[in-house]
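Structure file start_11.cif (mmCIF, C-alpha atoms (C1' of nucleotides)) is printed below.
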```
data_start
#
loop_
_atom_site.label_atom_id
_atom_site.label_comp_id
_atom_site.auth_asym_id
_atom_site.auth_seq_id
_atom_site.Cartn_x
_atom_site.Cartn_y
_atom_site.Cartn_z
CA MET A 1 -10.60 41.56 27.22
CA ASP A 2 -13.57 40.06 28.91
CA GLY A 3 -12.29 36.67 30.03
CA THR A 4 -15.45 35.58 31.84
CA LYS A 5 -14.73 31.92 31.21
CA LEU A 6 -11.07 32.30 32.13
CA PHE A 7 -11.78 33.73 35.55
CA SER A 8 -14.56 31.34 36.37
CA ASN A 9 -12.29 28.51 35.29
CA ILE A 10 -9.60 29.62 37.73
CA GLN A 11 -12.18 30.20 40.43
CA LYS A 12 -13.30 26.59 40.22
CA HIS A 13 -10.33 25.85 42.46
CA ILE A 14 -9.25 29.09 44.14
CA THR A 15 -10.83 32.48 44.89
CA LEU A 16 -9.42 35.68 43.42
CA GLU A 17 -9.45 39.25 44.73
CA ASP A 18 -10.29 42.01 42.29
CA LEU A 19 -6.70 43.19 42.38
CA GLU A 20 -5.45 39.72 41.54
CA LYS A 21 -7.84 39.54 38.62
CA GLU A 22 -6.40 42.83 37.44
CA TRP A 23 -2.89 41.42 37.53
CA ILE A 24 -3.96 38.38 35.61
CA ARG A 25 -5.84 40.49 33.07
CA SER A 26 -2.73 42.61 32.52
CA ILE A 27 -0.58 39.59 31.72
CA PHE A 28 -2.93 37.49 29.62
CA GLU A 29 -3.34 38.44 26.00
CA ALA A 30 -6.54 38.01 24.03
CA ARG A 31 -6.43 36.77 20.47
CA ASP A 32 -9.03 35.94 17.87
CA VAL A 33 -8.02 33.12 15.58
CA PRO A 34 -10.00 32.18 12.47
CA LYS A 35 -10.76 28.58 11.62
CA LYS A 36 -7.75 26.60 10.33
CA GLN A 37 -5.19 29.10 11.55
CA LEU A 38 -2.00 27.74 13.13
CA VAL A 39 -1.54 29.01 16.68
CA LEU A 40 1.75 27.17 17.13
CA GLU A 41 3.83 25.40 14.51
CA GLN A 42 5.87 22.30 15.18
CA GLY A 43 9.56 23.22 15.38
CA GLN A 44 8.95 26.74 16.69
CA LEU A 45 9.78 27.80 20.22
CA CYS A 46 6.65 27.36 22.33
CA ARG A 47 6.35 30.52 24.34
CA ARG A 48 2.72 30.57 25.45
CA LEU A 49 0.06 28.66 27.36
CA TYR A 50 -3.46 29.03 25.91
CA PHE A 51 -6.92 29.10 27.43
CA VAL A 52 -9.85 28.52 25.07
CA GLU A 53 -12.48 31.13 25.89
CA SER A 54 -14.52 30.03 22.88
CA GLY A 55 -14.02 27.76 19.88
CA SER A 56 -11.70 24.77 19.75
CA LEU A 57 -8.16 23.69 18.89
CA ARG A 58 -6.34 20.52 17.96
CA ALA A 59 -2.76 19.63 18.97
CA TYR A 60 -0.96 17.20 16.70
CA ASN A 61 2.44 15.94 15.65
CA THR A 62 3.48 15.32 12.07
CA ASN A 63 6.24 12.75 11.50
CA LYS A 64 8.82 12.57 8.69
CA GLN A 65 6.44 10.57 6.49
CA GLY A 66 3.74 13.23 6.97
CA LYS A 67 1.55 11.13 9.26
CA GLU A 68 -0.37 13.22 11.79
CA SER A 69 -0.95 12.03 15.37
CA THR A 70 -3.45 14.00 17.45
CA LEU A 71 -2.36 14.42 21.06
CA MET A 72 -5.36 16.42 22.25
CA PHE A 73 -8.39 18.49 21.41
CA ALA A 74 -9.30 21.56 23.45
CA VAL A 75 -12.77 23.03 23.48
CA GLN A 76 -14.23 25.96 25.40
CA ASP A 77 -12.92 26.20 28.96
CA TRP A 78 -9.83 24.05 28.35
CA TRP A 79 -6.15 24.91 28.69
CA ILE A 80 -3.79 23.80 25.94
CA THR A 81 -0.26 24.11 24.65
CA ASP A 82 2.67 21.87 23.77
CA MET A 83 3.35 21.40 27.47
CA TYR A 84 6.66 19.65 26.94
CA ALA A 85 8.00 22.49 24.85
CA PHE A 86 6.40 25.17 27.04
CA VAL A 87 7.84 24.10 30.38
CA ASN A 88 11.25 23.39 28.89
CA GLN A 89 11.12 26.34 26.49
CA LYS A 90 12.11 24.02 23.66
CA GLN A 91 11.15 23.49 20.02
CA ALA A 92 7.54 22.39 19.76
CA LEU A 93 6.82 18.74 18.96
CA LEU A 94 3.26 19.75 18.20
CA SER A 95 1.29 22.11 16.04
CA LEU A 96 -1.82 23.83 17.39
CA LYS A 97 -4.54 24.68 14.92
CA ALA A 98 -7.98 26.22 15.31
CA LEU A 99 -10.80 23.83 14.42
CA GLU A 100 -13.18 26.81 14.20
CA ASP A 101 -13.12 30.54 14.84
CA SER A 102 -11.85 30.85 18.39
CA LEU A 103 -11.06 33.35 21.12
CA LEU A 104 -7.92 32.51 23.08
CA PHE A 105 -6.32 34.01 26.16
CA SER A 106 -2.67 33.24 26.53
CA VAL A 107 0.27 33.91 28.80
CA ASN A 108 3.96 33.64 28.10
CA PHE A 109 6.30 31.46 30.10
CA HIS A 110 8.20 34.15 31.98
CA ASP A 111 5.12 36.18 32.82
CA LEU A 112 3.50 33.07 34.23
CA GLU A 113 6.58 32.28 36.32
CA ALA A 114 6.48 35.83 37.69
CA LEU A 115 2.76 35.52 38.34
CA PHE A 116 3.38 32.47 40.53
CA PHE A 117 5.48 34.66 42.85
CA LYS A 118 2.97 37.48 42.81
CA ILE A 119 -0.05 35.20 43.38
CA PRO A 120 1.13 32.03 45.16
CA LYS A 121 -2.45 30.72 45.18
CA LEU A 122 -1.99 30.14 41.46
CA GLU A 123 0.45 27.38 42.31
CA ARG A 124 -2.50 25.62 43.89
CA PHE A 125 -4.67 26.20 40.86
CA PHE A 126 -2.10 24.79 38.48
CA ARG A 127 -1.23 21.98 40.89
CA ILE A 128 -4.84 20.82 40.62
CA LEU A 129 -4.93 21.46 36.87
CA PHE A 130 -1.82 19.38 36.21
CA GLN A 131 -2.92 16.73 38.67
CA ASN A 132 -6.14 16.25 36.71
CA ALA A 133 -4.28 16.38 33.41
CA TYR A 134 -1.84 13.72 34.65
CA VAL A 135 -4.68 11.44 35.73
CA ARG A 136 -6.41 11.93 32.37
CA GLU A 137 -3.29 11.00 30.42
CA GLN A 138 -2.60 7.98 32.62
CA LEU A 139 -6.08 6.67 31.96
CA ARG A 140 -5.54 7.24 28.26
CA VAL A 141 -2.28 5.29 28.37
CA LEU A 142 -4.00 2.46 30.22
CA ASP A 143 -6.81 2.39 27.68
CA GLY A 144 -4.24 2.39 24.89
CA ILE A 145 -2.35 -0.65 26.17
CA SER A 146 -5.31 -2.65 27.48
CA LEU A 147 -8.34 -2.07 25.23
CA THR A 148 -9.29 -2.89 21.66
CA THR A 149 -9.75 -0.11 19.13
CA GLU A 150 -13.49 -0.61 19.28
CA GLU A 151 -13.53 -0.11 23.05
CA ARG A 152 -11.29 2.93 22.86
CA TYR A 153 -13.49 4.55 20.24
CA ALA A 154 -16.58 3.91 22.38
CA ARG A 155 -14.88 5.47 25.41
CA PHE A 156 -13.81 8.50 23.42
CA VAL A 157 -17.36 9.13 22.23
CA ALA A 158 -18.75 8.58 25.74
CA LYS A 159 -16.17 10.82 27.41
CA TYR A 160 -16.10 13.63 24.84
CA PRO A 161 -19.47 13.78 23.06
CA GLN A 162 -19.10 17.48 22.29
CA ILE A 163 -15.69 16.93 20.71
CA THR A 164 -16.98 13.97 18.71
CA GLN A 165 -19.44 16.29 16.99
CA LYS A 166 -16.87 18.96 16.11
CA VAL A 167 -14.08 16.89 14.61
CA THR A 168 -13.72 14.64 11.59
CA GLN A 169 -13.33 10.88 11.85
CA LYS A 170 -9.90 11.22 10.38
CA GLN A 171 -8.93 13.35 13.36
CA ILE A 172 -10.45 10.92 15.83
CA ALA A 173 -8.57 8.10 14.10
CA SER A 174 -5.30 10.01 14.50
CA TYR A 175 -6.14 10.53 18.18
CA LEU A 176 -6.70 6.79 18.64
CA GLY A 177 -3.62 5.88 16.62
CA VAL A 178 -5.40 4.01 13.82
CA THR A 179 -6.12 4.74 10.16
CA PRO A 180 -9.37 6.42 9.08
CA GLU A 181 -10.17 3.35 6.98
CA PHE A 182 -9.87 1.04 9.93
CA LEU A 183 -11.90 3.32 12.22
CA SER A 184 -14.60 3.38 9.57
CA SER A 185 -14.74 -0.41 9.57
CA VAL A 186 -14.80 -0.56 13.37
CA LYS A 187 -17.90 1.60 13.52
CA LYS A 188 -20.05 -1.29 12.32
CA MET B 1 12.47 7.68 59.88
CA ASP B 2 15.45 9.05 58.07
CA GLY B 3 13.97 10.22 54.78
CA THR B 4 17.15 11.65 53.34
CA LYS B 5 16.00 11.01 49.79
CA LEU B 6 12.50 12.28 50.47
CA PHE B 7 13.66 15.66 51.70
CA SER B 8 16.28 16.12 49.04
CA ASN B 9 13.64 15.19 46.47
CA ILE B 10 11.32 17.91 47.75
CA GLN B 11 14.18 20.37 47.97
CA LYS B 12 14.93 19.96 44.29
CA HIS B 13 12.11 22.44 43.74
CA ILE B 14 11.51 24.33 47.02
CA THR B 15 13.48 25.00 50.22
CA LEU B 16 12.25 23.76 53.58
CA GLU B 17 12.78 25.16 57.08
CA ASP B 18 13.64 22.70 59.85
CA LEU B 19 10.21 23.17 61.35
CA GLU B 20 8.53 22.37 58.04
CA LYS B 21 10.62 19.23 57.73
CA GLU B 22 9.42 18.29 61.19
CA TRP B 23 5.80 18.69 60.11
CA ILE B 24 6.37 16.57 57.06
CA ARG B 25 8.20 13.94 59.06
CA SER B 26 5.28 13.73 61.50
CA ILE B 27 2.78 13.08 58.71
CA PHE B 28 4.71 10.71 56.47
CA GLU B 29 4.87 7.10 57.51
CA ALA B 30 7.81 4.79 56.86
CA ARG B 31 7.25 1.24 55.76
CA ASP B 32 9.50 -1.62 54.78
CA VAL B 33 8.00 -3.86 52.14
CA PRO B 34 9.58 -7.15 51.12
CA LYS B 35 9.92 -8.19 47.48
CA LYS B 36 6.64 -9.28 45.86
CA GLN B 37 4.42 -7.73 48.56
CA LEU B 38 1.28 -5.88 47.46
CA VAL B 39 1.28 -2.27 48.63
CA LEU B 40 -2.12 -1.53 47.09
CA GLU B 41 -4.60 -3.98 45.62
CA GLN B 42 -6.87 -3.20 42.69
CA GLY B 43 -10.42 -2.61 43.97
CA GLN B 44 -9.37 -1.29 47.37
CA LEU B 45 -9.73 2.35 48.35
CA CYS B 46 -6.48 4.13 47.55
CA ARG B 47 -5.67 6.17 50.63
CA ARG B 48 -1.96 6.93 50.28
CA LEU B 49 0.67 8.52 48.07
CA TYR B 50 4.04 6.74 48.15
CA PHE B 51 7.63 7.92 47.84
CA VAL B 52 10.26 5.28 47.06
CA GLU B 53 13.20 5.90 49.40
CA SER B 54 14.82 2.68 48.21
CA GLY B 55 13.84 -0.32 46.11
CA SER B 56 11.22 -0.30 43.36
CA LEU B 57 7.52 -0.84 42.63
CA ARG B 58 5.32 -1.68 39.68
CA ALA B 59 1.78 -0.35 39.11
CA TYR B 60 -0.46 -2.50 36.94
CA ASN B 61 -4.04 -3.23 36.05
CA THR B 62 -5.47 -6.71 35.67
CA ASN B 63 -8.50 -7.07 33.38
CA LYS B 64 -11.34 -9.61 33.52
CA GLN B 65 -9.40 -12.08 31.40
CA GLY B 66 -6.44 -11.81 33.76
CA LYS B 67 -4.24 -9.81 31.40
CA GLU B 68 -1.89 -7.41 33.20
CA SER B 69 -1.09 -3.95 31.84
CA THR B 70 1.77 -2.06 33.50
CA LEU B 71 1.08 1.66 33.89
CA MET B 72 4.37 2.59 35.55
CA PHE B 73 7.47 1.52 37.36
CA ALA B 74 8.87 3.53 40.26
CA VAL B 75 12.47 3.26 41.39
CA GLN B 76 14.37 5.11 44.11
CA ASP B 77 13.43 8.79 44.34
CA TRP B 78 10.11 8.42 42.51
CA TRP B 79 6.58 9.13 43.69
CA ILE B 80 3.87 6.61 42.92
CA THR B 81 0.27 5.68 43.61
CA ASP B 82 -2.93 5.03 41.68
CA MET B 83 -3.30 8.76 41.14
CA TYR B 84 -6.81 8.52 39.73
CA ALA B 85 -8.05 6.63 42.77
CA PHE B 86 -5.99 8.73 45.20
CA VAL B 87 -7.21 12.16 44.14
CA ASN B 88 -10.81 10.99 43.82
CA GLN B 89 -10.62 8.66 46.84
CA LYS B 90 -12.11 5.88 44.71
CA GLN B 91 -11.52 2.17 44.22
CA ALA B 92 -8.08 1.52 42.79
CA LEU B 93 -7.80 0.56 39.12
CA LEU B 94 -4.24 -0.51 39.82
CA SER B 95 -2.27 -2.80 42.06
CA LEU B 96 1.11 -1.70 43.43
CA LYS B 97 3.65 -4.40 44.12
CA ALA B 98 7.27 -4.32 45.31
CA LEU B 99 9.74 -5.53 42.68
CA GLU B 100 12.37 -5.91 45.42
CA ASP B 101 12.74 -5.18 49.11
CA SER B 102 11.84 -1.52 49.44
CA LEU B 103 11.55 1.35 51.90
CA LEU B 104 8.55 3.59 51.28
CA PHE B 105 7.41 6.85 52.82
CA SER B 106 3.74 7.56 52.39
CA VAL B 107 1.11 10.13 53.26
CA ASN B 108 -2.65 9.77 53.36
CA PHE B 109 -4.98 11.93 51.35
CA HIS B 110 -6.43 14.06 54.13
CA ASP B 111 -3.09 14.65 55.84
CA LEU B 112 -1.67 15.81 52.53
CA GLU B 113 -4.59 18.17 51.97
CA ALA B 114 -4.02 19.61 55.45
CA LEU B 115 -0.31 19.90 54.78
CA PHE B 116 -1.01 22.05 51.72
CA PHE B 117 -2.64 24.60 54.00
CA LYS B 118 0.11 24.40 56.58
CA ILE B 119 2.93 24.62 54.00
CA PRO B 120 1.62 26.41 50.89
CA LYS B 121 5.04 26.03 49.26
CA LEU B 122 4.19 22.37 48.85
CA GLU B 123 1.57 23.40 46.30
CA ARG B 124 4.46 24.64 44.22
CA PHE B 125 6.39 21.42 44.70
CA PHE B 126 3.48 19.28 43.63
CA ARG B 127 2.57 21.68 40.83
CA ILE B 128 6.00 21.03 39.35
CA LEU B 129 5.81 17.31 40.12
CA PHE B 130 2.45 16.91 38.35
CA GLN B 131 3.52 19.17 35.51
CA ASN B 132 6.47 16.89 34.80
CA ALA B 133 4.34 13.79 35.22
CA TYR B 134 1.78 15.20 32.77
CA VAL B 135 4.47 15.92 30.19
CA ARG B 136 5.92 12.44 30.62
CA GLU B 137 2.54 10.78 30.07
CA GLN B 138 1.79 12.96 27.06
CA LEU B 139 5.05 11.93 25.44
CA ARG B 140 4.22 8.31 26.20
CA VAL B 141 0.81 8.69 24.56
CA LEU B 142 2.41 10.29 21.52
CA ASP B 143 4.97 7.48 21.27
CA GLY B 144 2.15 4.97 21.61
CA ILE B 145 0.11 6.33 18.72
CA SER B 146 2.97 7.28 16.40
CA LEU B 147 5.81 4.78 16.77
CA THR B 148 6.34 1.11 15.99
CA THR B 149 6.83 -1.40 18.81
CA GLU B 150 10.50 -1.63 17.96
CA GLU B 151 10.95 2.13 18.30
CA ARG B 152 9.01 2.24 21.55
CA TYR B 153 11.10 -0.53 23.05
CA ALA B 154 14.30 1.27 22.07
CA ARG B 155 13.05 4.50 23.66
CA PHE B 156 12.09 2.71 26.84
CA VAL B 157 15.56 1.20 27.20
CA ALA B 158 17.22 4.52 26.39
CA LYS B 159 15.03 6.49 28.80
CA TYR B 160 14.97 4.03 31.68
CA PRO B 161 18.18 1.94 31.58
CA GLN B 162 18.08 1.31 35.34
CA ILE B 163 14.49 0.05 35.15
CA THR B 164 15.30 -2.15 32.16
CA GLN B 165 17.79 -4.04 34.30
CA LYS B 166 15.42 -4.58 37.21
CA VAL B 167 12.31 -5.86 35.48
CA THR B 168 11.44 -8.90 33.38
CA GLN B 169 10.72 -8.70 29.68
CA LYS B 170 7.21 -9.82 30.40
CA GLN B 171 6.75 -6.69 32.49
CA ILE B 172 8.25 -4.45 29.84
CA ALA B 173 5.96 -6.06 27.27
CA SER B 174 2.94 -5.30 29.46
CA TYR B 175 4.17 -1.69 29.77
CA LEU B 176 4.42 -1.38 25.98
CA GLY B 177 1.09 -3.11 25.44
CA VAL B 178 2.38 -6.12 23.50
CA THR B 179 2.80 -9.80 24.29
CA PRO B 180 6.08 -11.18 25.71
CA GLU B 181 6.37 -13.43 22.65
CA PHE B 182 6.20 -10.49 20.29
CA LEU B 183 8.65 -8.39 22.28
CA SER B 184 11.05 -11.30 22.19
CA SER B 185 10.84 -11.41 18.41
CA VAL B 186 11.25 -7.64 18.12
CA LYS B 187 14.56 -7.73 19.99
CA LYS B 188 16.30 -9.21 16.96
"C1'" DC C 1 16.02 -31.85 43.82
"C1'" DG C 2 11.66 -30.42 41.58
"C1'" DC C 3 8.29 -27.03 40.55
"C1'" DG C 4 6.90 -22.89 38.37
"C1'" DA C 5 7.85 -18.74 35.98
"C1'" DC C 6 10.54 -16.96 32.33
"C1'" DG C 7 12.36 -16.29 27.55
"C1'" DT C 8 12.34 -18.11 23.13
"C1'" DT C 9 10.70 -20.33 18.79
"C1'" DG C 10 7.38 -21.80 15.33
"C1'" DA C 11 2.59 -22.45 13.20
"C1'" DT C 12 -1.67 -20.38 12.69
"C1'" DT C 13 -5.14 -16.80 13.05
"C1'" DT C 14 -6.64 -12.16 13.54
"C1'" DG C 15 -6.10 -7.11 13.66
"C1'" DC C 16 -4.79 -3.43 11.26
"C1'" DC C 17 -2.38 -1.00 7.35
"C1'" DT C 18 -1.73 0.10 2.44
"C1'" DC C 19 -3.41 1.25 -1.77
"C1'" DA C 20 -6.92 2.18 -4.99
"C1'" DA C 21 -11.47 3.45 -6.16
"C1'" DC C 22 -15.92 5.71 -5.42
"C1'" DG C 23 -19.75 8.98 -4.11
"C1'" DA C 24 -20.70 12.73 -1.06
"C1'" DT C 25 -19.29 17.06 1.19
"C1'" DT C 26 -16.89 21.09 1.61
"C1'" DG C 27 -14.52 24.97 0.01
"C1'" DT C 28 -12.91 28.16 -3.42
"C1'" DG C 29 -12.22 31.10 -7.40
"C1'" DG C 30 -14.37 32.75 -11.49
"C1'" DC D 1 -24.04 31.36 -7.68
"C1'" DC D 2 -21.97 27.81 -10.02
"C1'" DA D 3 -18.14 24.67 -11.40
"C1'" DC D 4 -14.33 22.62 -10.15
"C1'" DA D 5 -10.94 20.91 -6.93
"C1'" DA D 6 -9.92 19.03 -2.64
"C1'" DT D 7 -10.96 16.45 1.32
"C1'" DC D 8 -13.80 13.20 3.56
"C1'" DG D 9 -15.99 8.71 4.65
"C1'" DT D 10 -16.52 4.28 2.95
"C1'" DT D 11 -15.50 -0.19 0.66
"C1'" DG D 12 -12.62 -4.00 -0.95
"C1'" DA D 13 -8.25 -6.63 -2.09
"C1'" DG D 14 -3.93 -7.81 -0.51
"C1'" DG D 15 -0.05 -7.76 2.79
"C1'" DC D 16 2.19 -7.15 7.09
"C1'" DA D 17 2.08 -6.66 12.29
"C1'" DA D 18 0.87 -8.71 16.31
"C1'" DA D 19 -1.92 -12.14 19.07
"C1'" DT D 20 -2.71 -16.89 20.19
"C1'" DC D 21 -1.43 -21.40 21.33
"C1'" DA D 22 1.75 -24.96 22.12
"C1'" DA D 23 6.27 -26.67 23.01
"C1'" DC D 24 10.80 -26.55 25.08
"C1'" DG D 25 15.18 -25.29 27.66
"C1'" DT D 26 16.71 -22.35 31.44
"C1'" DC D 27 16.75 -20.40 35.75
"C1'" DG D 28 15.49 -19.12 40.57
"C1'" DC D 29 13.23 -20.50 44.51
"C1'" DG D 30 11.28 -23.51 47.98
#
```

Can I see the file as C-alpha cells?
Amino acid sequence: MDGTKLFSNIQKHITLEDLEKEWIRSIFEARDVPKKQLVLEQGQLCRRLYFVESGSLRAYNTNKQGKESTLMFAVQDWWITDMYAFVNQKQALLSLKALEDSLLFSVNFHDLEALFFKIPKLERFFRILFQNAYVREQLRVLDGISLTTEERYARFVAKYPQITQKVTQKQIASYLGVTPEFLSSVKK
Amino acid sequence: MDGTKLFSNIQKHITLEDLEKEWIRSIFEARDVPKKQLVLEQGQLCRRLYFVESGSLRAYNTNKQGKESTLMFAVQDWWITDMYAFVNQKQALLSLKALEDSLLFSVNFHDLEALFFKIPKLERFFRILFQNAYVREQLRVLDGISLTTEERYARFVAKYPQITQKVTQKQIASYLGVTPEFLSSVKK
DNA sequence: CGCGACGTTGATTTGCCTCAACGATTGTGG
DNA sequence: CCACAATCGTTGAGGCAAATCAACGTCGCG
C-alpha cells in the first residue's frame, strides 16, 4: 500500500504524525478493481467507506422498473460510499461500480469508529469532509428545484469538467434526473 | 440564557463538563425573533450558525424573477443557517425567516472555530451532525431525481408531520420544486 | 370591515417522457 | 483480426406531466 493521495488528502485539513499514518495504513485496505466491477451492490450490507486513489466510480440506485438514478461520481482523490447505509449499517440503496480500472483504499465501519478514538484529530478531518459534502448536496438540491434542465447541465459541465469527459451522456442524464433523449435535445 | 434544548441536543452525541457548558454559554447568543422576521437576508454576509430552541424557521432562495425555492425548514431542536455562505464566509444565497415567534441561540463563525480548539470533542459532535445532514440531503436528491411529485409529497408528509402542520402548501410546493397549483391538484 | 395572501379550479401552453428507428461506437467471441 | 451483438447518441411522433395565467371563495390580519 502506497496511499500517497490518501495521506495528502487527509493532510489537506489536519497534520499526521508518522505513527498515526502507520495506524491508518494498518486499517485501510487496498484494492484494485477492474473497469465495470461492482464494488457494492444495492441490497447488500454496506460495510466500507472508499477513497479513490486512482480511477473513478459511480454510485446509483436502480428502482423496481429498472430505471437507474446516479447519486454521485467519484474520481481520483474523492471519498465515496452509500453513506446512508454505511453510517446506519443498513442495506445499501446504491450500487457502486468502477467506471475504469481503479485503485481504492477502504476502511470498515467499526475500524473507523475505533480510529476516531485512537486519533481524535480525524473527527476534525471528517467534520470538514462532511461539512463540505453537506454544502455540495444542498447546492445540488437548490439547483434541482430552481433551475431548468439546460442550466443544470451547464453547471454540471462547468463544475465537473473532468467527470464530464469520463462518463456517458446517459449517466449524466441519470444524474440530472432526465432521460438521455431529452438531454440530447437540450444540448442544442 | 437557559439553553436546555441546546445542551441536550449536543449531549445526544458527546458529554459536556460544567466548565465546557460555561464556555459554550459564553459564546452563544440568545435572540427572540417574532413571527415573519428575517434572521438572515440573501446577499448579506452570513456570520452565524443558529440553533432553534423554540419556534421554527424557513430557509429559501429568491431568484431574479422573484420565484422562491425553499431549501429547508427548521423546527425546535434543529440547527440551521446558509451553510454554504457560513463556512465560506460569503454572501448568503438564502434568506432565513421565522415562521412563528422563536427563540434562537447562535454562534459566529470565528467563535465557533475557536471553540473547536478549546473543546475538541465538539469536532465529533459536528462531525456527526454534518454526517447526518449529508445523508439527509443525499436522500432528498435521490428522491428528487427518481420519484414522482406525488411520491415526494407523500414522503415529505410522512417524514416531517410536525412541519407539514406548521407551513403553508405554497411553502411545501417551493420545497418540492413545483407550483402551488400543481401541488393542489396532486393532493387528490 | 376590508385588504391581501392563500388554496383551489379550469383552460392553455410548454417541458419532458415514451417508444421506435437509425447510424456510429464499443466490446466480445470465434 | 474480423464479424456480430450490444450499447450509445440522436431524431421524430405522440402523449402525459407540470407551468402559466386568470378567476374565485376563504381566511387571517390590520

Report as a Markdown table: every residue of chain C with an atom at most 12 Å from chain B, its closest pair of atoms, and their distance in Å to one decimal, counting only C-alpha atoms (C1' of nucleotides), with rows sorted by chain and ascending residue number.
```
| residue | atom | partner | partner_atom | distance |
| --- | --- | --- | --- | --- |
| C:DA5 | C1' | B:Lys170 | CA | 10.5 |
| C:DC6 | C1' | B:Lys170 | CA | 8.1 |
| C:DG7 | C1' | B:Ser184 | CA | 7.4 |
| C:DT8 | C1' | B:Ser184 | CA | 7.0 |
| C:DT9 | C1' | B:Ser185 | CA | 8.9 |
| C:DG10 | C1' | B:Glu181 | CA | 11.2 |
```

Check your understanding: Given a cut-off of 12 Å, which residues of chain B touch chain D, counting only C-alpha atoms (C1' of nucleotides), written out as number ranges by chain?
Key -> B: 148-150, 177-183, 185-186

Proximity check chain B to chain A, 9 Å, nearest pairs one decimal Å, all atoms listed in the file, as a Markdown table:
```
| residue | atom | partner | partner_atom | distance |
| --- | --- | --- | --- | --- |
| B:Asn61 | CA | A:Leu142 | CA | 8.1 |
| B:Asn63 | CA | A:Ser146 | CA | 8.0 |
| B:Lys67 | CA | A:Ser146 | CA | 8.2 |
| B:Glu68 | CA | A:Ser146 | CA | 8.2 |
| B:Ser69 | CA | A:Ser146 | CA | 6.2 |
| B:Thr70 | CA | A:Leu142 | CA | 8.0 |
| B:Leu71 | CA | A:Leu142 | CA | 6.3 |
| B:Asp82 | CA | A:Val135 | CA | 8.9 |
| B:Met83 | CA | A:Val135 | CA | 6.2 |
| B:Tyr84 | CA | A:Val135 | CA | 5.4 |
| B:Val87 | CA | A:Gln131 | CA | 8.3 |
| B:Phe116 | CA | A:Arg124 | CA | 8.7 |
| B:Pro120 | CA | A:Pro120 | CA | 8.0 |
| B:Lys121 | CA | A:Pro120 | CA | 8.3 |
| B:Leu122 | CA | A:Arg124 | CA | 8.9 |
| B:Glu123 | CA | A:Arg124 | CA | 5.2 |
| B:Arg124 | CA | A:Glu123 | CA | 5.2 |
| B:Phe125 | CA | A:Arg127 | CA | 8.5 |
| B:Phe126 | CA | A:Arg127 | CA | 6.1 |
| B:Arg127 | CA | A:Arg127 | CA | 3.8 |
| B:Ile128 | CA | A:Arg127 | CA | 7.5 |
| B:Leu129 | CA | A:Arg127 | CA | 8.5 |
| B:Phe130 | CA | A:Phe130 | CA | 5.4 |
| B:Gln131 | CA | A:Phe130 | CA | 5.4 |
| B:Asn132 | CA | A:Tyr84 | CA | 8.3 |
| B:Ala133 | CA | A:Tyr134 | CA | 6.2 |
| B:Tyr134 | CA | A:Tyr134 | CA | 4.3 |
| B:Val135 | CA | A:Tyr84 | CA | 5.4 |
| B:Arg136 | CA | A:Tyr84 | CA | 8.1 |
| B:Glu137 | CA | A:Glu137 | CA | 5.8 |
| B:Gln138 | CA | A:Glu137 | CA | 6.4 |
| B:Leu139 | CA | A:Tyr84 | CA | 8.0 |
| B:Arg140 | CA | A:Val141 | CA | 7.5 |
| B:Val141 | CA | A:Val141 | CA | 6.0 |
| B:Leu142 | CA | A:Leu71 | CA | 6.3 |
| B:Gly144 | CA | A:Gly144 | CA | 7.6 |
| B:Ile145 | CA | A:Gly177 | CA | 4.3 |
| B:Ser146 | CA | A:Ser69 | CA | 6.2 |
| B:Ser174 | CA | A:Ile145 | CA | 7.8 |
| B:Tyr175 | CA | A:Ile145 | CA | 7.5 |
| B:Leu176 | CA | A:Ile145 | CA | 6.8 |
| B:Gly177 | CA | A:Ile145 | CA | 4.3 |
| B:Val178 | CA | A:Ile145 | CA | 7.7 |
```

Check your understanding: atom CA of A:Phe109 and atom CA of A:Ser56, how far apart in Å?
Key ->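 Those two atoms sit 21.8 Å apart.
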
Revision key, fill the gap. Students should find that atom CA of A:Glu53 and atom CA of A:Lys12 are spaced 15.1 Å

Practice item. For atom CA of B:Leu99 and atom CA of B:Pro161, quote the distance in Å rounded to one decimal. Key: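 Answer for the atom CA of B:Leu99 to atom CA of B:Pro161 separation: 15.8 Å.
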
Practice item. Could you tell me which residues the PyMOL selection byres ((chain B and resi 39-44) around 9) grabs in this file, written as a list in words? Key: Val33, Gln37, Leu38, Leu45, Cys46, Arg47, Leu57, Ala59, Tyr60, Asn61, Thr62, Thr81, Asp82, Lys90, Gln91, Ala92, Leu93, Leu94, Ser95, Leu96, Lys97 and Ala98 of chain B
